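**Q** Got a structure for you, my_file_28.txt, holding compact mmCIF, C-alpha atoms.
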```txt
# COMPACT_ATOMS: atom_id res chain seq x y z
CA LYS A 1046 42.12 -26.50 -87.60
CA THR A 1047 44.14 -29.72 -87.84
CA THR A 1048 43.80 -32.40 -90.43
CA ALA A 1049 44.51 -36.06 -89.79
CA ALA A 1050 47.34 -37.55 -91.81
CA PRO A 1051 46.11 -39.78 -94.62
CA LYS A 1052 46.34 -43.52 -94.14
CA PRO A 1053 49.44 -44.99 -95.76
CA ASN A 1054 49.40 -47.44 -98.63
CA LEU A 1055 50.86 -50.91 -98.05
CA LEU A 1056 53.09 -52.73 -100.56
CA ILE A 1057 53.55 -56.48 -99.95
CA VAL A 1058 56.16 -58.23 -102.10
CA LEU A 1059 56.95 -61.94 -102.42
CA GLY A 1060 60.42 -62.31 -103.90
CA ASP A 1061 64.06 -63.29 -103.90
CA SER A 1062 67.29 -61.50 -102.87
CA PHE A 1063 66.42 -58.48 -105.02
CA THR A 1064 63.37 -58.11 -102.77
CA GLU A 1065 65.22 -59.04 -99.60
CA GLY A 1066 67.70 -56.18 -99.87
CA TYR A 1067 71.16 -55.73 -98.43
CA ASN A 1068 71.90 -56.86 -94.91
CA PRO A 1069 75.22 -58.67 -94.52
CA SER A 1070 74.45 -59.63 -90.92
CA VAL A 1071 71.36 -61.65 -91.88
CA SER A 1072 71.66 -65.25 -93.05
CA VAL A 1073 68.69 -66.88 -94.79
CA TYR A 1074 68.86 -70.62 -95.41
CA GLY A 1075 72.62 -70.39 -94.88
CA TRP A 1076 73.19 -67.62 -97.45
CA GLN A 1077 74.14 -64.06 -96.60
CA SER A 1078 71.74 -61.38 -97.75
CA PHE A 1079 74.28 -59.52 -99.85
CA TRP A 1080 72.24 -57.52 -102.33
CA PHE A 1081 71.44 -53.80 -102.55
CA ASP A 1082 68.63 -51.74 -101.08
CA GLY A 1083 65.86 -54.04 -102.32
CA TRP A 1084 63.67 -52.79 -105.17
CA PRO A 1085 60.49 -52.65 -103.03
CA TRP A 1086 61.99 -49.87 -100.92
CA GLN A 1087 63.11 -48.05 -104.05
CA LEU A 1088 59.58 -48.28 -105.46
CA ALA A 1089 58.02 -47.16 -102.19
CA ARG A 1090 60.19 -44.03 -102.20
CA LEU A 1091 58.59 -43.13 -105.53
CA VAL A 1092 55.08 -43.43 -104.07
CA PRO A 1093 54.75 -41.16 -101.05
CA ASN A 1094 53.11 -42.46 -97.88
CA THR A 1095 53.76 -46.14 -98.66
CA ILE A 1096 54.89 -48.80 -96.21
CA VAL A 1097 56.76 -51.80 -97.63
CA VAL A 1098 56.64 -55.35 -96.29
CA PRO A 1099 59.00 -57.55 -98.31
CA SER A 1100 59.05 -61.32 -98.07
CA GLY A 1101 62.31 -61.95 -99.87
CA ILE A 1102 64.49 -65.01 -99.59
CA GLY A 1103 67.59 -65.19 -101.75
CA GLY A 1104 67.79 -68.07 -104.21
CA THR A 1105 64.04 -68.56 -104.48
CA GLY A 1106 61.46 -68.01 -107.20
CA PHE A 1107 58.35 -69.50 -108.73
CA ILE A 1108 60.39 -72.70 -109.23
CA ALA A 1109 63.70 -72.09 -107.43
CA GLY A 1110 64.05 -72.74 -103.74
CA GLY A 1111 62.60 -76.21 -103.65
CA THR A 1112 59.22 -77.23 -102.36
CA ASN A 1113 59.78 -75.62 -98.95
CA ALA A 1114 60.87 -72.13 -100.01
CA ASN A 1115 59.64 -71.41 -103.54
CA TYR A 1116 56.81 -68.89 -103.98
CA THR A 1117 54.09 -71.55 -104.11
CA ALA A 1118 55.17 -72.76 -100.65
CA ARG A 1119 55.32 -69.23 -99.21
CA VAL A 1120 52.40 -67.35 -100.75
CA VAL A 1121 49.75 -68.30 -98.18
CA SER A 1122 51.91 -67.89 -95.07
CA ASP A 1123 53.88 -64.85 -96.23
CA ILE A 1124 51.24 -62.88 -98.13
CA CYS A 1125 47.65 -63.92 -97.40
CA GLY A 1126 47.89 -63.76 -93.60
CA LEU A 1127 49.63 -60.40 -93.71
CA TYR A 1128 46.99 -59.06 -96.09
CA THR A 1129 44.13 -60.26 -93.87
CA ASN A 1130 45.70 -58.65 -90.80
CA ALA A 1131 46.30 -55.41 -92.71
CA VAL A 1132 42.68 -55.21 -93.90
CA ASN A 1133 41.35 -56.03 -90.44
CA SER A 1134 43.52 -53.33 -88.86
CA GLY A 1135 41.90 -50.60 -90.95
CA LYS A 1136 45.25 -48.77 -90.98
CA TYR A 1137 45.88 -48.71 -94.72
CA ASN A 1138 44.47 -46.81 -97.66
CA GLN A 1139 45.31 -49.16 -100.53
CA ILE A 1140 47.12 -52.50 -100.43
CA PHE A 1141 49.34 -53.53 -103.34
CA ILE A 1142 50.69 -57.08 -103.76
CA THR A 1143 53.12 -58.68 -106.20
CA ALA A 1144 55.39 -61.68 -106.64
CA SER A 1145 58.62 -60.69 -108.33
CA GLY A 1146 60.13 -62.46 -111.30
CA THR A 1147 63.64 -63.76 -110.60
CA ILE A 1148 66.88 -64.78 -112.25
CA ASN A 1149 66.75 -67.85 -110.00
CA ASP A 1150 64.12 -69.32 -112.36
CA ARG A 1151 66.34 -68.72 -115.37
CA GLY A 1152 67.40 -72.31 -116.05
CA ASP A 1153 70.40 -72.93 -118.30
CA PHE A 1154 72.31 -69.67 -118.87
CA ASN A 1155 72.27 -69.98 -122.67
CA ASN A 1156 69.13 -71.97 -123.36
CA GLY A 1157 66.75 -70.98 -120.57
CA LEU A 1158 64.22 -73.35 -119.08
CA SER A 1159 63.42 -76.71 -120.60
CA LEU A 1160 59.94 -77.07 -122.07
CA ALA A 1161 58.86 -78.99 -118.97
CA ASP A 1162 60.19 -76.27 -116.65
CA GLN A 1163 58.50 -73.58 -118.75
CA GLY A 1164 55.26 -75.36 -117.96
CA VAL A 1165 56.18 -75.51 -114.26
CA LEU A 1166 56.97 -71.78 -114.25
CA TYR A 1167 53.58 -71.03 -115.81
CA THR A 1168 51.71 -73.38 -113.46
CA ASN A 1169 53.44 -72.10 -110.32
CA ALA A 1170 53.05 -68.44 -111.26
CA LEU A 1171 49.38 -69.06 -112.08
CA TYR A 1172 48.91 -70.68 -108.66
CA VAL A 1173 50.62 -67.81 -106.83
CA TYR A 1174 48.69 -65.03 -108.56
CA SER A 1175 45.37 -66.92 -108.46
CA THR A 1176 45.86 -67.54 -104.74
CA VAL A 1177 46.57 -63.86 -104.12
CA LYS A 1178 43.61 -62.80 -106.24
CA SER A 1179 41.14 -65.05 -104.41
CA ALA A 1180 42.53 -64.60 -100.88
CA CYS A 1181 43.18 -60.86 -101.14
CA PRO A 1182 40.13 -59.42 -102.94
CA GLN A 1183 40.67 -55.78 -101.92
CA ALA A 1184 44.33 -55.73 -102.99
CA ARG A 1185 45.65 -54.20 -106.16
CA ILE A 1186 47.72 -57.00 -107.66
CA PHE A 1187 50.46 -56.43 -110.22
CA SER A 1188 53.12 -58.50 -111.93
CA VAL A 1189 56.82 -57.72 -111.91
CA GLY A 1190 59.10 -59.25 -114.51
CA ASN A 1191 62.57 -60.60 -113.95
CA TRP A 1192 65.61 -58.54 -112.90
CA TYR A 1193 68.67 -59.17 -115.03
CA GLY A 1194 72.27 -58.18 -114.88
CA ILE A 1195 74.12 -61.45 -115.22
CA GLY A 1196 77.45 -61.03 -116.92
CA GLY A 1197 77.07 -57.27 -117.26
CA GLY A 1198 75.05 -57.55 -120.47
CA SER A 1199 73.26 -54.47 -121.69
CA SER A 1200 70.11 -56.27 -122.74
CA PRO A 1201 68.36 -59.48 -121.71
CA GLY A 1202 68.86 -62.58 -123.79
CA TYR A 1203 66.34 -65.08 -125.10
CA PRO A 1204 65.90 -67.03 -121.82
CA ASP A 1205 65.11 -63.81 -120.01
CA TYR A 1206 62.53 -62.68 -122.53
CA LEU A 1207 60.95 -66.13 -122.49
CA ASN A 1208 60.44 -66.04 -118.70
CA ASP A 1209 59.01 -62.53 -118.87
CA SER A 1210 56.65 -63.67 -121.60
CA ILE A 1211 55.46 -66.57 -119.44
CA LEU A 1212 54.87 -64.23 -116.47
CA SER A 1213 53.04 -61.76 -118.74
CA ASN A 1214 50.77 -64.54 -119.99
CA VAL A 1215 49.96 -65.49 -116.40
CA ALA A 1216 49.13 -61.88 -115.55
CA VAL A 1217 46.72 -61.69 -118.47
CA THR A 1218 45.13 -65.03 -117.53
CA VAL A 1219 44.54 -64.16 -113.88
```
As structure tokens, what does this structure read like?

**A**
Amino acid sequence: KTTAAPKPNLLIVLGDSFTEGYNPSVSVYGWQSFWFDGWPWQLARLVPNTIVVPSGIGGTGFIAGGTNANYTARVVSDICGLYTNAVNSGKYNQIFITASGTINDRGDFNNGLSLADQGVLYTNALYVYSTVKSACPQARIFSVGNWYGIGGGSSPGYPDYLNDSILSNVAVTV
């Protein structure tokens, strides 16, 4: 008696270079993709039978990347269409979606984002997660905080905690 292999899970990630992963031969918006084996692949290795589809572009974020490449500009084209096609294919067990926090939205190294930019971070993150929630109703949506390692510090500073707090508040709101 043979048993059919279970359907794989699908992980879709909107992100920056930490999502994009290392590939020195690929240039995105003129920048080399020079980072490590992106975190989505590392996470997928921890969850057996999971396929990863990253949408990472270095230098972008909820604010960073300008109006053509930040997450608000990319969420519909990069995430919602892929999700719809995945559901329609019937090939996946569960679909997980996230938009990754990023050091690109950090603002001033010592002081973090201005009050106005804190509001923009909140508004843009709220738009991204609300869009995913409404357009991808069968997906399991989760929030990922920022990745830090600037200057080799052992713990995040105030600006980093502030951004994570903003993203946490958005996750609770949505």

**Q** To one decimal in Å, tell me the separation between atom CA of A:Ser1062 and atom CA of A:Gly1104.

**A**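 Interatomic distance here is 6.7 Å.
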
**Q** Considering only C-alpha atoms, can you say which of A:Gly1111, A:Gly1164, A:Gly1060, A:Gly1157 comes closest to A:Ile1142?

**A**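 Closest to A:Ile1142, using only C-alpha atoms: A:Gly1060.
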
**Q** Please list as a list in words every residue within 9 Å of A:Val1177, counting all atoms listed in the file and excluding residues in the same chain fewer than 6 positions away.

**A** Val1120, Val1121, Ile1124, Cys1125, Ile1142, Thr1143, Ala1184 and Ile1186 of chain A

**Q** Please provide the set of residues having any atom within 10 Å of A:Asp1123, restricted to all atoms listed in the file, with same-chain residues fewer than 6 positions apart removed, written as a list in words.

**A**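 Neighbouring residues, sequence-local ones excluded: Ile1057, Val1058, Leu1059, Val1098, Pro1099, Ser1100, Gly1101 and Tyr1116 of chain A.
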
**Q** Counting only C-alpha atoms, which residue out of A:Ala1118, A:Val1215, A:Leu1056, A:Ala1170 sits closest to A:Gln1139?

**A** A:Leu1056

**Q** Could you work out how far atom CA of A:Leu1171 lies from atom CA of A:Asn1149, giving the answer in Å with one decimal?

**A**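 The value is 17.5 Å.
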
**Q** Between atom CA of A:Gly1110 and atom CA of A:Gly1152, what is the spacing in Å?

**A** 12.8 Å

**Q** For A:Trp1086, which residue among A:Ser1145, A:Thr1218, A:Ser1210, A:Thr1064 is the nearest when counting all atoms listed in the file?

**A** A:Thr1064

**Q** Quick one: residues within 12 Å of A:Asp1150, all atoms listed in the file, excluding same-chain residues fewer than 3 positions away - as JSON, numbers by chain?

**A** {"A": [1060, 1061, 1103, 1104, 1105, 1106, 1107, 1108, 1109, 1110, 1111, 1115, 1116, 1145, 1146, 1147, 1153, 1154, 1157, 1158, 1159, 1162, 1163, 1165, 1166, 1167, 1169, 1170, 1190, 1191, 1192, 1193, 1204, 1205, 1207, 1208, 1209, 1211, 1212]}

**Q** For the selection just defined, write its residues with C-alpha atoms to a file, as a PDB file, in the frame of the given file.

**A**
```
ATOM      1  CA  GLY A1060      60.420 -62.310-103.900  1.00  0.00           C
ATOM      2  CA  ASP A1061      64.060 -63.290-103.900  1.00  0.00           C
ATOM      3  CA  GLY A1103      67.590 -65.190-101.750  1.00  0.00           C
ATOM      4  CA  GLY A1104      67.790 -68.070-104.210  1.00  0.00           C
ATOM      5  CA  THR A1105      64.040 -68.560-104.480  1.00  0.00           C
ATOM      6  CA  GLY A1106      61.460 -68.010-107.200  1.00  0.00           C
ATOM      7  CA  PHE A1107      58.350 -69.500-108.730  1.00  0.00           C
ATOM      8  CA  ILE A1108      60.390 -72.700-109.230  1.00  0.00           C
ATOM      9  CA  ALA A1109      63.700 -72.090-107.430  1.00  0.00           C
ATOM     10  CA  GLY A1110      64.050 -72.740-103.740  1.00  0.00           C
ATOM     11  CA  GLY A1111      62.600 -76.210-103.650  1.00  0.00           C
ATOM     12  CA  ASN A1115      59.640 -71.410-103.540  1.00  0.00           C
ATOM     13  CA  TYR A1116      56.810 -68.890-103.980  1.00  0.00           C
ATOM     14  CA  SER A1145      58.620 -60.690-108.330  1.00  0.00           C
ATOM     15  CA  GLY A1146      60.130 -62.460-111.300  1.00  0.00           C
ATOM     16  CA  THR A1147      63.640 -63.760-110.600  1.00  0.00           C
ATOM     17  CA  ASP A1153      70.400 -72.930-118.300  1.00  0.00           C
ATOM     18  CA  PHE A1154      72.310 -69.670-118.870  1.00  0.00           C
ATOM     19  CA  GLY A1157      66.750 -70.980-120.570  1.00  0.00           C
ATOM     20  CA  LEU A1158      64.220 -73.350-119.080  1.00  0.00           C
ATOM     21  CA  SER A1159      63.420 -76.710-120.600  1.00  0.00           C
ATOM     22  CA  ASP A1162      60.190 -76.270-116.650  1.00  0.00           C
ATOM     23  CA  GLN A1163      58.500 -73.580-118.750  1.00  0.00           C
ATOM     24  CA  VAL A1165      56.180 -75.510-114.260  1.00  0.00           C
ATOM     25  CA  LEU A1166      56.970 -71.780-114.250  1.00  0.00           C
ATOM     26  CA  TYR A1167      53.580 -71.030-115.810  1.00  0.00           C
ATOM     27  CA  ASN A1169      53.440 -72.100-110.320  1.00  0.00           C
ATOM     28  CA  ALA A1170      53.050 -68.440-111.260  1.00  0.00           C
ATOM     29  CA  GLY A1190      59.100 -59.250-114.510  1.00  0.00           C
ATOM     30  CA  ASN A1191      62.570 -60.600-113.950  1.00  0.00           C
ATOM     31  CA  TRP A1192      65.610 -58.540-112.900  1.00  0.00           C
ATOM     32  CA  TYR A1193      68.670 -59.170-115.030  1.00  0.00           C
ATOM     33  CA  PRO A1204      65.900 -67.030-121.820  1.00  0.00           C
ATOM     34  CA  ASP A1205      65.110 -63.810-120.010  1.00  0.00           C
ATOM     35  CA  LEU A1207      60.950 -66.130-122.490  1.00  0.00           C
ATOM     36  CA  ASN A1208      60.440 -66.040-118.700  1.00  0.00           C
ATOM     37  CA  ASP A1209      59.010 -62.530-118.870  1.00  0.00           C
ATOM     38  CA  ILE A1211      55.460 -66.570-119.440  1.00  0.00           C
ATOM     39  CA  LEU A1212      54.870 -64.230-116.470  1.00  0.00           C
TER      40      LEU A1212
END
```
